[in-house]
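Engineer: Contents of input_18.cif (mmCIF, C-alpha atoms) are below:
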```cif
data_model
#
loop_
_atom_site.label_atom_id
_atom_site.label_comp_id
_atom_site.auth_asym_id
_atom_site.auth_seq_id
_atom_site.Cartn_x
_atom_site.Cartn_y
_atom_site.Cartn_z
CA MET X 1 -1.50 11.22 15.78
CA LEU X 2 0.35 8.75 13.56
CA ARG X 3 -1.94 9.62 10.62
CA VAL X 4 -1.17 13.33 11.01
CA TYR X 5 2.58 12.63 11.06
CA TRP X 6 2.22 10.34 8.03
CA MET X 7 0.45 13.07 6.05
CA PHE X 8 2.94 15.73 7.18
CA ALA X 9 5.86 13.55 6.14
CA GLY X 10 4.34 13.10 2.70
CA GLY X 11 3.25 9.49 3.20
CA ASP X 12 -0.29 10.16 2.00
CA GLU X 13 1.06 11.19 -1.40
CA LEU X 14 2.55 7.76 -2.00
CA GLN X 15 -0.91 6.24 -2.31
CA HIS X 16 -1.67 8.38 -5.35
CA ASP X 17 1.57 7.78 -7.26
CA GLN X 18 0.91 5.42 -10.12
CA LEU X 19 3.58 3.23 -11.62
CA ILE X 20 3.37 1.64 -15.05
CA SER X 21 4.91 -1.80 -15.31
CA ILE X 22 7.10 -2.17 -18.39
CA THR X 23 8.25 -5.73 -17.69
CA LYS X 24 5.86 -7.40 -20.16
CA SER X 25 6.65 -4.89 -22.91
CA VAL X 26 10.39 -5.35 -22.48
CA SER X 27 9.97 -9.15 -22.46
CA ARG X 28 7.89 -9.07 -25.65
CA CYS X 29 10.41 -6.85 -27.41
CA ALA X 30 13.27 -9.07 -26.24
CA SER X 31 11.59 -12.23 -27.52
CA ALA X 32 10.55 -10.60 -30.81
CA GLY X 33 14.05 -9.32 -31.43
CA GLU X 34 16.10 -12.07 -29.83
CA ASN X 35 18.30 -12.42 -32.94
CA ASN X 36 18.60 -8.68 -33.53
CA SER X 37 21.63 -7.01 -31.98
CA PHE X 38 20.15 -3.49 -32.24
CA VAL X 39 17.01 -4.45 -30.32
CA GLN X 40 19.03 -6.28 -27.66
CA THR X 41 21.39 -3.32 -27.27
CA VAL X 42 18.55 -0.85 -26.84
CA LEU X 43 16.76 -3.10 -24.36
CA SER X 44 19.94 -3.59 -22.33
CA GLY X 45 20.17 0.21 -22.01
CA ILE X 46 16.89 0.39 -20.10
CA PRO X 47 17.67 0.75 -16.38
CA GLN X 48 16.92 -2.42 -14.41
CA LYS X 49 15.08 -0.38 -11.77
CA ALA X 50 12.58 0.72 -14.41
CA VAL X 51 12.06 -2.84 -15.61
CA ASP X 52 11.66 -4.30 -12.12
CA ARG X 53 9.60 -1.58 -10.45
CA GLY X 54 8.08 0.36 -13.35
CA ILE X 55 7.99 4.07 -14.15
CA TYR X 56 5.69 6.86 -13.03
CA THR X 57 2.79 7.93 -15.19
CA ALA X 58 2.93 11.39 -16.73
CA SER X 59 0.23 12.66 -14.37
CA SER X 60 2.03 11.27 -11.30
CA LEU X 61 5.30 12.79 -12.43
CA GLU X 62 3.61 16.14 -13.00
CA ARG X 63 1.88 16.05 -9.61
CA ARG X 64 5.15 15.15 -7.91
CA PHE X 65 6.88 17.98 -9.78
CA ASN X 66 4.35 20.51 -8.50
CA ASP X 67 5.01 19.35 -4.94
CA VAL X 68 8.79 19.53 -5.42
CA TYR X 69 8.44 22.95 -7.06
CA GLU X 70 6.56 24.39 -4.07
CA ARG X 71 8.98 22.90 -1.54
CA CYS X 72 12.05 24.08 -3.45
CA ARG X 73 10.67 27.60 -3.81
CA ARG X 74 10.12 27.79 -0.07
CA VAL X 75 13.67 26.79 0.81
CA ALA X 76 15.35 28.66 -2.05
CA TYR X 77 15.06 31.91 -0.13
CA TYR X 78 16.41 30.51 3.13
CA PRO X 79 20.07 31.31 3.71
CA ASP X 80 22.47 28.68 4.99
CA THR X 81 22.83 30.55 8.28
CA ASP X 82 20.46 29.86 11.13
CA SER X 83 19.82 33.47 12.04
CA LEU X 84 16.29 34.54 12.95
CA LEU X 85 16.80 37.87 11.16
CA TRP X 86 17.76 36.14 7.88
CA ARG X 87 14.84 33.71 8.13
CA THR X 88 12.44 36.63 8.57
CA ILE X 89 13.94 38.47 5.61
CA SER X 90 13.73 35.29 3.55
CA ARG X 91 10.03 34.85 4.31
CA VAL X 92 9.34 38.42 3.25
CA ARG X 93 11.29 37.86 0.00
CA TYR X 94 9.32 34.66 -0.61
CA ALA X 95 6.03 36.48 -0.12
CA PHE X 96 6.95 39.15 -2.67
CA HIS X 97 8.27 36.71 -5.26
CA LEU X 98 5.53 34.11 -4.99
CA ASN X 99 4.60 34.27 -8.67
CA SER X 100 7.56 35.78 -10.43
CA GLY X 101 7.10 33.67 -13.58
CA TYR X 102 10.58 34.39 -14.91
CA VAL X 103 11.21 32.54 -18.17
CA LYS X 104 14.46 33.03 -20.03
CA TYR X 105 14.37 30.13 -22.52
CA SER X 106 11.32 29.01 -24.49
CA THR X 107 12.69 25.61 -25.53
CA PRO X 108 15.03 23.14 -23.81
CA ALA X 109 17.38 23.34 -26.81
CA ASP X 110 17.95 27.03 -25.99
CA PHE X 111 18.82 26.19 -22.36
CA GLU X 112 22.58 25.78 -22.44
CA SER X 113 23.73 27.02 -19.07
CA ALA X 114 22.27 28.18 -15.79
CA GLU X 115 24.99 30.78 -15.47
CA GLY X 116 23.60 33.91 -13.89
CA MET X 117 20.26 32.27 -13.00
CA SER X 118 19.11 32.11 -9.39
CA ALA X 119 17.41 29.08 -7.86
CA ILE X 120 14.04 30.79 -8.19
CA GLU X 121 14.66 31.54 -11.87
CA LEU X 122 15.65 27.90 -12.47
CA LEU X 123 12.53 26.69 -10.70
CA ASP X 124 10.31 29.05 -12.70
CA GLN X 125 12.00 27.90 -15.91
CA ALA X 126 11.39 24.25 -14.93
CA LYS X 127 7.74 25.05 -14.15
CA TYR X 128 7.41 26.68 -17.57
CA TYR X 129 8.66 23.48 -19.22
CA MET X 130 6.45 21.20 -17.12
CA ASP X 131 3.40 23.32 -17.91
CA ARG X 132 4.16 22.50 -21.55
CA LYS X 133 4.66 18.77 -20.78
CA CYS X 134 8.42 18.97 -21.40
CA VAL X 135 9.99 16.76 -18.75
CA GLU X 136 13.42 16.99 -20.40
CA GLY X 137 13.52 20.77 -20.01
CA ALA X 138 12.43 20.59 -16.38
CA VAL X 139 15.16 18.04 -15.65
CA LYS X 140 17.77 20.28 -17.31
CA CYS X 141 16.78 23.10 -14.98
CA LEU X 142 16.45 21.15 -11.75
CA VAL X 143 19.82 19.44 -12.22
CA GLN X 144 21.41 22.89 -11.99
CA LEU X 145 19.98 23.55 -8.51
CA SER X 146 22.36 23.44 -5.59
CA GLY X 147 21.97 23.45 -1.83
CA SER X 148 18.65 22.62 -0.21
CA PRO X 149 16.54 23.08 -3.38
CA GLY X 150 18.85 20.72 -5.26
CA ALA X 151 18.64 18.12 -2.51
CA LEU X 152 14.84 18.32 -2.49
CA ALA X 153 14.65 17.94 -6.27
CA THR X 154 17.03 14.97 -6.53
CA ASP X 155 14.42 12.23 -6.13
CA TRP X 156 12.12 13.76 -8.74
CA VAL X 157 15.02 14.27 -11.15
CA ASN X 158 16.03 10.61 -10.80
CA GLU X 159 12.48 9.41 -11.45
CA ALA X 160 12.11 11.75 -14.42
CA ARG X 161 15.40 10.46 -15.85
CA LEU X 162 14.06 6.91 -15.64
CA VAL X 163 10.98 7.96 -17.59
CA LEU X 164 13.09 9.76 -20.18
CA GLU X 165 15.45 6.80 -20.61
CA VAL X 166 12.56 4.40 -21.16
CA LYS X 167 10.91 6.84 -23.55
CA GLN X 168 14.14 7.21 -25.51
CA ALA X 169 14.51 3.43 -25.78
CA ALA X 170 10.89 3.06 -26.90
CA ASN X 171 11.33 5.77 -29.54
CA ALA X 172 14.49 4.08 -30.83
CA LEU X 173 12.70 0.74 -31.11
CA LEU X 174 9.70 2.32 -32.84
CA SER X 175 11.92 4.13 -35.32
CA TYR X 176 13.81 0.92 -36.03
CA ALA X 177 10.56 -1.01 -36.52
CA ARG X 178 9.27 1.63 -38.94
CA HIS X 179 12.53 1.53 -40.86
CA GLU X 180 12.39 -2.26 -41.07
CA ALA X 181 8.74 -2.18 -42.16
CA VAL X 182 9.44 0.32 -44.94
CA GLY X 183 12.39 -1.79 -46.11
CA PHE X 184 10.14 -4.86 -46.12
CA ILE X 185 7.43 -3.14 -48.16
CA LEU X 186 9.84 -1.78 -50.77
#
```
Could you quickly redo this structure as structure tokens?

Structural biologist:
Amino acid sequence: MLRVYWMFAGGDELQHDQLISITKSVSRCASAGENNSFVQTVLSGIPQKAVDRGIYTASSLERRFNDVYERCRRVAYYPDTDSLLWRTISRVRYAFHLNSGYVKYSTPADFESAEGMSAIELLDQAKYYMDRKCVEGAVKCLVQLSGSPGALATDWVNEARLVLEVKQAANALLSYARHEAVGFIL
């Protein structure tokens, strides 16, 4: 019985989530650039939670997104009232809009505002971005969710932000290293 509850509560999924430790990489960068203020500033911008615990792999983040997407779509049609009639109507609406596939923006740069977009449209837009491996675009969409779908997506959004912040820091350090190497060669 406990195993069934554990699986229903989502506990079984936790075994498959893979974290990448970034502690050694951050330490190596810190020691290599201990006298460089740019390197130290970039490294200090990495969230401590990411350094201590690690960040999710791309495949884990994608798998978790798919789970969040399905859960959010289910509750997006439910009204805030607890009426049996509205719940029935919501289930019928969900059945008809199971694969709407609405996509308004093809790139995250085009996505400026969620004005006029429903929760389902935001979720479909986020799914479109994740199918193209664009975590940033999916985060932009899911942040705009409110109510139950927004609450369900919060954990994934926070984890995705950690990944994006670490990625941004790594890209800044790589760009700086390339710049320094080119200056050294010339």

Engineer: Which is closer to Met117 (chain X) than all the others in X:Tyr105, X:Phe65, X:Tyr56, X:Trp156, using only C-alpha atoms?

Structural biologist: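 Of the candidates, the smallest distance to Met117 (chain X) is held by X:Tyr105.
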
Engineer: In Å, how far is it from CA of Gln144 (chain X) to CA of Asp110 (chain X)?

Structural biologist: 15.0 Å

Engineer: How many Å lie between CA of Gln18 (chain X) and CA of Arg53 (chain X), rounded to one decimal?

Structural biologist: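 Between CA of Gln18 (chain X) and CA of Arg53 (chain X) the gap is 11.2 Å.
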
Engineer: Output, as lines of an AutoDock Vina configuration file, the centre and edge lengths in Å (one decimal) of the axis-aligned box that contains all listed atoms of region 39-42 of chain X with 6 Å of margin on each side.

Structural biologist:
```
center_x = 19.2
center_y = -3.6
center_z = -28.6
size_x = 16.4
size_y = 17.4
size_z = 15.5
```

Engineer: Show me, as a PyMOL selection string, the residues that have an atom within 9 Å of Pro47 (chain X) when counting all atoms listed in the file, minus same-chain residues fewer than 4 positions from it.

Structural biologist: chain X and resi 43+51-52+162+165-166

Engineer: Name the closest residue to Pro149 (chain X) among the candidates X:Glu112, X:Glu70, X:Asp131, X:Glu180; distances are taken between atoms, counting all atoms listed in the file.

Structural biologist: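 Among the listed residues, the smallest separation from Pro149 (chain X) belongs to X:Glu70.
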
Engineer: What does the distance from CA of Tyr176 (chain X) to CA of Val163 (chain X) come to in Å, to one decimal?

Structural biologist: 19.9 Å

Engineer: Just checking: using all atoms listed in the file, which residue out of X:Ala181, X:Ala170, X:Cys141, X:Ala32 ends up closest to Gly45 (chain X)?

Structural biologist: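 Closest to Gly45 (chain X) of all the choices is X:Ala170.
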
Engineer: Write out as number ranges by chain the residues lying within 8 Å of Ile20 (chain X), counting all atoms listed in the file and excluding same-chain residues fewer than 6 positions away.

Structural biologist: X: 54-57

Engineer: Env of Leu173 (chain X): 10 Å cut, atoms = all atoms listed in the file, seq-sep filter 6 positions within chain, self excluded. Answer as a ChimeraX atom specification.

Structural biologist: /X:29,38-39,42-43,167,179

Engineer: Residues at most 7 Å from Leu152 (chain X), counting only C-alpha atoms, excluding those fewer than 3 positions away in the same chain, as an MDAnalysis selection string?

Structural biologist: chainID X and resid 68 72 148:149

Engineer: Output the residue selection produced by the PyMOL selection byres ((chain X and resi 118) around 12) on the file above, formatted as a PyMOL selection string.

Structural biologist: chain X and resi 73+76-77+102-104+113-117+119-125+141-142+144-147+149

Engineer: Which is closer to Tyr128 (chain X) than all the others in X:Tyr69, X:Ala169, X:Arg63, X:Ser21, using only C-alpha atoms?

Structural biologist: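 Of X:Tyr69, X:Ala169, X:Arg63, X:Ser21, the one nearest Tyr128 (chain X) is X:Tyr69, counting only C-alpha atoms.
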
Engineer: Mind filling out region 162-181 of chain X with N, CA, C and O atoms and sending it as a PDB file, in the coordinates of the input?

Structural biologist:
```pdb
ATOM      1  N   LEU X 162      14.498   8.266 -15.307  1.00  0.00           N
ATOM      2  CA  LEU X 162      14.060   6.910 -15.640  1.00  0.00           C
ATOM      3  C   LEU X 162      13.001   6.940 -16.742  1.00  0.00           C
ATOM      4  O   LEU X 162      13.063   6.172 -17.709  1.00  0.00           O
ATOM      5  N   VAL X 163      12.039   7.833 -16.584  1.00  0.00           N
ATOM      6  CA  VAL X 163      10.980   7.960 -17.590  1.00  0.00           C
ATOM      7  C   VAL X 163      11.567   8.353 -18.942  1.00  0.00           C
ATOM      8  O   VAL X 163      11.220   7.777 -19.978  1.00  0.00           O
ATOM      9  N   LEU X 164      12.487   9.305 -18.931  1.00  0.00           N
ATOM     10  CA  LEU X 164      13.090   9.760 -20.180  1.00  0.00           C
ATOM     11  C   LEU X 164      13.937   8.666 -20.836  1.00  0.00           C
ATOM     12  O   LEU X 164      13.931   8.536 -22.071  1.00  0.00           O
ATOM     13  N   GLU X 165      14.645   7.886 -20.048  1.00  0.00           N
ATOM     14  CA  GLU X 165      15.450   6.800 -20.610  1.00  0.00           C
ATOM     15  C   GLU X 165      14.579   5.729 -21.243  1.00  0.00           C
ATOM     16  O   GLU X 165      14.887   5.230 -22.332  1.00  0.00           O
ATOM     17  N   VAL X 166      13.476   5.390 -20.595  1.00  0.00           N
ATOM     18  CA  VAL X 166      12.560   4.400 -21.160  1.00  0.00           C
ATOM     19  C   VAL X 166      11.894   4.954 -22.420  1.00  0.00           C
ATOM     20  O   VAL X 166      11.758   4.244 -23.421  1.00  0.00           O
ATOM     21  N   LYS X 167      11.528   6.206 -22.375  1.00  0.00           N
ATOM     22  CA  LYS X 167      10.910   6.840 -23.550  1.00  0.00           C
ATOM     23  C   LYS X 167      11.883   6.868 -24.732  1.00  0.00           C
ATOM     24  O   LYS X 167      11.497   6.607 -25.875  1.00  0.00           O
ATOM     25  N   GLN X 168      13.129   7.173 -24.458  1.00  0.00           N
ATOM     26  CA  GLN X 168      14.140   7.210 -25.510  1.00  0.00           C
ATOM     27  C   GLN X 168      14.342   5.815 -26.113  1.00  0.00           C
ATOM     28  O   GLN X 168      14.445   5.670 -27.336  1.00  0.00           O
ATOM     29  N   ALA X 169      14.374   4.796 -25.280  1.00  0.00           N
ATOM     30  CA  ALA X 169      14.510   3.430 -25.780  1.00  0.00           C
ATOM     31  C   ALA X 169      13.304   3.031 -26.621  1.00  0.00           C
ATOM     32  O   ALA X 169      13.446   2.422 -27.688  1.00  0.00           O
ATOM     33  N   ALA X 170      12.112   3.381 -26.159  1.00  0.00           N
ATOM     34  CA  ALA X 170      10.890   3.060 -26.900  1.00  0.00           C
ATOM     35  C   ALA X 170      10.876   3.774 -28.250  1.00  0.00           C
ATOM     36  O   ALA X 170      10.510   3.171 -29.274  1.00  0.00           O
ATOM     37  N   ASN X 171      11.278   5.032 -28.274  1.00  0.00           N
ATOM     38  CA  ASN X 171      11.330   5.770 -29.540  1.00  0.00           C
ATOM     39  C   ASN X 171      12.343   5.165 -30.506  1.00  0.00           C
ATOM     40  O   ASN X 171      12.100   5.094 -31.711  1.00  0.00           O
ATOM     41  N   ALA X 172      13.481   4.718 -29.977  1.00  0.00           N
ATOM     42  CA  ALA X 172      14.490   4.080 -30.830  1.00  0.00           C
ATOM     43  C   ALA X 172      13.955   2.790 -31.424  1.00  0.00           C
ATOM     44  O   ALA X 172      14.143   2.518 -32.621  1.00  0.00           O
ATOM     45  N   LEU X 173      13.269   1.995 -30.612  1.00  0.00           N
ATOM     46  CA  LEU X 173      12.700   0.740 -31.110  1.00  0.00           C
ATOM     47  C   LEU X 173      11.589   0.988 -32.126  1.00  0.00           C
ATOM     48  O   LEU X 173      11.488   0.277 -33.137  1.00  0.00           O
ATOM     49  N   LEU X 174      10.766   1.991 -31.884  1.00  0.00           N
ATOM     50  CA  LEU X 174       9.700   2.320 -32.840  1.00  0.00           C
ATOM     51  C   LEU X 174      10.277   2.815 -34.161  1.00  0.00           C
ATOM     52  O   LEU X 174       9.797   2.429 -35.234  1.00  0.00           O
ATOM     53  N   SER X 175      11.283   3.649 -34.100  1.00  0.00           N
ATOM     54  CA  SER X 175      11.920   4.130 -35.320  1.00  0.00           C
ATOM     55  C   SER X 175      12.557   2.985 -36.098  1.00  0.00           C
ATOM     56  O   SER X 175      12.444   2.909 -37.331  1.00  0.00           O
ATOM     57  N   TYR X 176      13.189   2.079 -35.385  1.00  0.00           N
ATOM     58  CA  TYR X 176      13.810   0.920 -36.030  1.00  0.00           C
ATOM     59  C   TYR X 176      12.745   0.028 -36.676  1.00  0.00           C
ATOM     60  O   TYR X 176      12.918  -0.446 -37.803  1.00  0.00           O
ATOM     61  N   ALA X 177      11.645  -0.182 -35.969  1.00  0.00           N
ATOM     62  CA  ALA X 177      10.560  -1.010 -36.520  1.00  0.00           C
ATOM     63  C   ALA X 177       9.965  -0.367 -37.762  1.00  0.00           C
ATOM     64  O   ALA X 177       9.669  -1.060 -38.747  1.00  0.00           O
ATOM     65  N   ARG X 178       9.795   0.939 -37.758  1.00  0.00           N
ATOM     66  CA  ARG X 178       9.270   1.630 -38.940  1.00  0.00           C
ATOM     67  C   ARG X 178      10.240   1.490 -40.118  1.00  0.00           C
ATOM     68  O   ARG X 178       9.827   1.255 -41.253  1.00  0.00           O
ATOM     69  N   HIS X 179      11.518   1.649 -39.822  1.00  0.00           N
ATOM     70  CA  HIS X 179      12.530   1.530 -40.860  1.00  0.00           C
ATOM     71  C   HIS X 179      12.514   0.115 -41.463  1.00  0.00           C
ATOM     72  O   HIS X 179      12.576  -0.054 -42.671  1.00  0.00           O
ATOM     73  N   GLU X 180      12.431  -0.879 -40.612  1.00  0.00           N
ATOM     74  CA  GLU X 180      12.390  -2.260 -41.070  1.00  0.00           C
ATOM     75  C   GLU X 180      11.117  -2.534 -41.878  1.00  0.00           C
ATOM     76  O   GLU X 180      11.153  -3.239 -42.890  1.00  0.00           O
ATOM     77  N   ALA X 181       9.996  -1.961 -41.450  1.00  0.00           N
ATOM     78  CA  ALA X 181       8.740  -2.180 -42.160  1.00  0.00           C
ATOM     79  C   ALA X 181       8.775  -1.533 -43.537  1.00  0.00           C
ATOM     80  O   ALA X 181       8.298  -2.121 -44.514  1.00  0.00           O
TER      81      ALA X 181
END
```
